[in-house]
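In what follows, a single structure is set out as structure tokens and then discussed.
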Amino acid sequence: MAIKTYKPTTPGRRGMSSQDFSDITTRKPLRSLLVAKRRGSGRNNQGRITTRHQGGGAKKFYRKVNFNLPVGTEAIIEHIEYDPNRSARIARIKEANGTYHYILAVKDMAVGQKIISDSETAIDAGNRLQIKNIPIGSTIHAIEIQPGRGAQMVRSAGNGAQLMAKEGQYAQVRLPSGEVRLINQECMASLGVIGNEQHQNVKIGKAGRSRHLGKRPSVRGVVMNAADHPHGGGDGGRHGMGKDPRTPWGQKTLGFKTRSRKSTTKFIVRSRHAAKRK
């Protein structure tokens, strides 16, 4: 996938680029796999904003992507489609009995290609099988954390994890972040690297395009009043920054550890922060 640039006819267009949609084979999604998506604008069930800077944006439907493709599934790729809810492309596949599914599209996936999900199958890009039957050194994505739960890790555009080793009940997998983690060998994973790898290189170019994506403007804390933000207030200087930056609610940020689910620490062989400490 390439990046599409524009002639600098306006200041916004000068620094703008977008995705190349040449790999998409249809612009009409399958209606039976669509769900109406209500915009919450960052609010919870009480109407209070819990995630700031969200709201507005273009209307979009949610595509029901199957992250837990049943064992024994054999299907043919009918179309590669755009999904407005994720960075990766999705593939529409059809079983022999007429059942349709959406799955994450692998790099260089083509219409007419056969996809198999089984405990053991051919080592081809796009196929899904148990980690214990995948050769060491293979690149995988859409990895389960618990057997039968469905893919939870490595699901965004251009990502792929590497199967490093197998020992006993667990396999060592190096994630895109650099973290090496133990995964149960009974878990399922898909082969290959997720497509649309140039997604991260797209330049938004102008504020209006962010608004179409549902992102509202963000205001820096240092330009607020002291009553509104810990960084605000003051006559000149650092405007009350102090020695440690904080969130609007006084929580430390930029390096402050917020990880609360410590029960999975035992599965981390090498932290993603290990290289930074050297």
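In the structure tokens, chains take the letters A, B, ... in the order shown, each chain's residues start at 1, and ligands count up from 1 in the order shown.
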
Notebook entry, point to check: Counting only C-alpha atoms, what is within 10 Å of Glu186 in chain A, bar same-chain residues fewer than 5 positions away, as a list in words?
Noted result: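 Here the answer would be Ser119, Leu129, Gln130, Ile131, Lys132, Asn133, Glu144, Ile145, Gln146, Pro147, Gly148, Gln169, Tyr170 and Ala171 of chain A.
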
Notebook entry, point to check: Separation of CA of Gly137 in chain A and CA of Ile194 in chain A, in Å?
Noted result: 16.6 Å

Item checked: Pick from A:His229, A:Arg92, A:Arg38, A:Arg270, whichever lies nearest to Ala58 in chain A using only C-alpha atoms ->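 The closest residue to Ala58 in chain A is A:Arg38.
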
Proximity of range 114-192 of chain A to range 63-85 of chain A: per-residue shortest pair, 6 Å limit, only C-alpha atoms, as CSV:
```
residue,atom,partner,partner_atom,distance
A:Lys114,CA,A:Ile76,CA,4.6
A:Ile115,CA,A:Ala75,CA,5.2
A:Ile116,CA,A:Glu74,CA,4.6
A:Ser117,CA,A:Thr73,CA,5.1
A:Asp118,CA,A:Val71,CA,4.6
A:Gly150,CA,A:Asn68,CA,4.2
A:Ala151,CA,A:Phe67,CA,5.1
```

Check: Just asking: which residues within range 92-269 of chain A are helix (DSSP H, G or I) according to DSSP, as a list in words?
Finding: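 Taking range 92-269 of chain A and keeping helix (DSSP H, G or I) gives Ile131, Lys132, Asn133, His199, Gln200, Asn201, Ala207, Gly208, Arg209, Ser210, Arg211, His212, Gly221, Val222, Val223, Lys262, Ser263, Thr264, Thr265, Lys266 and Phe267 of chain A.
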
Based on the selection just made, write N, CA and C atoms of those residues as a compact mmCIF listing (two decimals), in the first residue's frame.
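Everything below was put into again.txt:
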```txt
# COMPACT_ATOMS: atom_id res chain seq x y z
N ILE A 131 -1.27 -22.34 18.38
CA ILE A 131 0.13 -21.93 18.42
C ILE A 131 1.06 -23.14 18.49
N LYS A 132 0.62 -24.22 19.12
CA LYS A 132 1.49 -25.40 19.25
C LYS A 132 1.80 -26.02 17.88
N ASN A 133 0.99 -25.72 16.86
CA ASN A 133 1.20 -26.28 15.53
C ASN A 133 1.81 -25.27 14.56
N HIS A 199 -0.45 2.84 7.17
CA HIS A 199 -1.46 3.63 7.88
C HIS A 199 -0.84 4.67 8.81
N GLN A 200 0.24 4.31 9.48
CA GLN A 200 0.85 5.21 10.46
C GLN A 200 1.53 6.43 9.82
N ASN A 201 1.75 6.38 8.51
CA ASN A 201 2.44 7.48 7.82
C ASN A 201 1.50 8.51 7.22
N ALA A 207 -7.27 20.63 10.54
CA ALA A 207 -8.09 20.37 11.71
C ALA A 207 -9.44 19.75 11.34
N GLY A 208 -10.02 20.17 10.22
CA GLY A 208 -11.33 19.69 9.83
C GLY A 208 -11.36 18.19 9.61
N ARG A 209 -10.23 17.65 9.15
CA ARG A 209 -10.18 16.21 8.91
C ARG A 209 -10.21 15.43 10.22
N SER A 210 -9.63 16.00 11.28
CA SER A 210 -9.71 15.38 12.60
C SER A 210 -11.13 15.41 13.12
N ARG A 211 -11.86 16.48 12.81
CA ARG A 211 -13.26 16.58 13.25
C ARG A 211 -14.12 15.51 12.57
N HIS A 212 -13.80 15.20 11.30
CA HIS A 212 -14.53 14.15 10.60
C HIS A 212 -14.30 12.79 11.26
N GLY A 221 -2.84 22.57 29.09
CA GLY A 221 -3.09 22.95 30.48
C GLY A 221 -2.42 24.25 30.87
N VAL A 222 -1.26 24.57 30.27
CA VAL A 222 -0.50 25.77 30.68
C VAL A 222 -1.20 27.06 30.28
N VAL A 223 -2.17 27.00 29.36
CA VAL A 223 -2.89 28.21 28.98
C VAL A 223 -4.23 28.33 29.70
N LYS A 262 -1.89 -6.55 37.75
CA LYS A 262 -0.59 -7.16 38.01
C LYS A 262 -0.61 -8.69 37.93
N SER A 263 -1.81 -9.27 37.80
CA SER A 263 -1.90 -10.73 37.80
C SER A 263 -1.26 -11.35 36.57
N THR A 264 -1.10 -10.58 35.48
CA THR A 264 -0.50 -11.12 34.26
C THR A 264 1.00 -10.85 34.16
N THR A 265 1.59 -10.23 35.20
CA THR A 265 3.02 -9.92 35.17
C THR A 265 3.85 -11.19 35.04
N LYS A 266 3.37 -12.29 35.60
CA LYS A 266 4.14 -13.55 35.58
C LYS A 266 4.31 -14.08 34.16
N PHE A 267 3.49 -13.61 33.20
CA PHE A 267 3.60 -14.07 31.82
C PHE A 267 4.56 -13.22 30.99
```

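Reported to one decimal place, the separation of CA of Phe256 in chain A from CA of Leu213 in chain A is 29.3 Å.
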
Next item on the list: Quote the spacing between CA of His53 in chain A and CA of Ser177 in chain A in Å to one decimal place.
Entry: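 Value for the CA of His53 in chain A-CA of Ser177 in chain A distance: 26.0 Å.
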
Note to self: At a cut-off of 6 Å, using only C-alpha atoms, what residues contact Gly42 in chain A? Leave out same-chain residues fewer than 2 positions from it and give the result as a ChimeraX atom specification.
What the structure shows: /A:40,49-51,54

Can you pull out the residues contacting Arg220 in chain A? Cut-off 12 Å, using only C-alpha atoms, and skip same-chain residues under 2 positions away; I want them as a PDB file with N, CA and C atoms, in the first residue's frame.
```
ATOM      1  N   PRO A 217     -11.174  19.526  19.511  1.00  0.00           N
ATOM      2  CA  PRO A 217      -9.917  20.228  19.835  1.00  0.00           C
ATOM      3  C   PRO A 217      -9.446  19.970  21.257  1.00  0.00           C
ATOM      4  N   SER A 218      -8.151  20.023  21.432  1.00  0.00           N
ATOM      5  CA  SER A 218      -7.528  19.845  22.746  1.00  0.00           C
ATOM      6  C   SER A 218      -6.839  21.149  23.144  1.00  0.00           C
ATOM      7  N   VAL A 222      -1.256  24.570  30.266  1.00  0.00           N
ATOM      8  CA  VAL A 222      -0.505  25.769  30.683  1.00  0.00           C
ATOM      9  C   VAL A 222      -1.202  27.059  30.279  1.00  0.00           C
ATOM     10  N   VAL A 223      -2.174  26.995  29.365  1.00  0.00           N
ATOM     11  CA  VAL A 223      -2.887  28.209  28.980  1.00  0.00           C
ATOM     12  C   VAL A 223      -4.229  28.332  29.704  1.00  0.00           C
ATOM     13  N   MET A 224      -4.501  27.398  30.639  1.00  0.00           N
ATOM     14  CA  MET A 224      -5.733  27.464  31.417  1.00  0.00           C
ATOM     15  C   MET A 224      -5.519  28.269  32.696  1.00  0.00           C
ATOM     16  N   ASN A 225      -6.617  28.523  33.380  1.00  0.00           N
ATOM     17  CA  ASN A 225      -6.538  29.142  34.699  1.00  0.00           C
ATOM     18  C   ASN A 225      -6.141  28.091  35.735  1.00  0.00           C
ATOM     19  N   ASP A 228      -8.634  25.434  36.652  1.00  0.00           N
ATOM     20  CA  ASP A 228      -9.031  24.453  35.651  1.00  0.00           C
ATOM     21  C   ASP A 228      -7.995  23.366  35.407  1.00  0.00           C
ATOM     22  N   HIS A 229      -6.762  23.609  35.786  1.00  0.00           N
ATOM     23  CA  HIS A 229      -5.711  22.622  35.491  1.00  0.00           C
ATOM     24  C   HIS A 229      -4.518  22.859  36.411  1.00  0.00           C
ATOM     25  N   PRO A 230      -3.831  21.793  36.856  1.00  0.00           N
ATOM     26  CA  PRO A 230      -2.647  21.974  37.704  1.00  0.00           C
ATOM     27  C   PRO A 230      -1.528  22.775  37.040  1.00  0.00           C
ATOM     28  N   HIS A 231      -1.503  22.813  35.690  1.00  0.00           N
ATOM     29  CA  HIS A 231      -0.464  23.580  34.992  1.00  0.00           C
ATOM     30  C   HIS A 231      -0.849  25.042  34.811  1.00  0.00           C
ATOM     31  N   GLY A 232      -2.096  25.395  35.098  1.00  0.00           N
ATOM     32  CA  GLY A 232      -2.591  26.728  34.783  1.00  0.00           C
ATOM     33  C   GLY A 232      -2.189  27.783  35.794  1.00  0.00           C
ATOM     34  N   HIS A 239       4.095  28.900  34.403  1.00  0.00           N
ATOM     35  CA  HIS A 239       2.644  28.829  34.596  1.00  0.00           C
ATOM     36  C   HIS A 239       2.235  27.689  35.525  1.00  0.00           C
ATOM     37  N   MET A 241       3.767  24.916  36.353  1.00  0.00           N
ATOM     38  CA  MET A 241       4.075  23.550  35.944  1.00  0.00           C
ATOM     39  C   MET A 241       4.646  22.728  37.093  1.00  0.00           C
ATOM     40  N   PRO A 245       4.683  16.999  35.635  1.00  0.00           N
ATOM     41  CA  PRO A 245       3.439  17.247  34.904  1.00  0.00           C
ATOM     42  C   PRO A 245       2.312  16.348  35.395  1.00  0.00           C
ATOM     43  N   ARG A 246       1.098  16.884  35.350  1.00  0.00           N
ATOM     44  CA  ARG A 246      -0.058  16.147  35.856  1.00  0.00           C
ATOM     45  C   ARG A 246      -1.241  16.266  34.892  1.00  0.00           C
ATOM     46  N   THR A 247      -2.225  15.384  35.094  1.00  0.00           N
ATOM     47  CA  THR A 247      -3.470  15.442  34.338  1.00  0.00           C
ATOM     48  C   THR A 247      -4.350  16.541  34.924  1.00  0.00           C
ATOM     49  N   PRO A 248      -5.474  16.886  34.277  1.00  0.00           N
ATOM     50  CA  PRO A 248      -6.365  17.912  34.850  1.00  0.00           C
ATOM     51  C   PRO A 248      -6.886  17.564  36.234  1.00  0.00           C
TER      52      PRO A 248
END
```
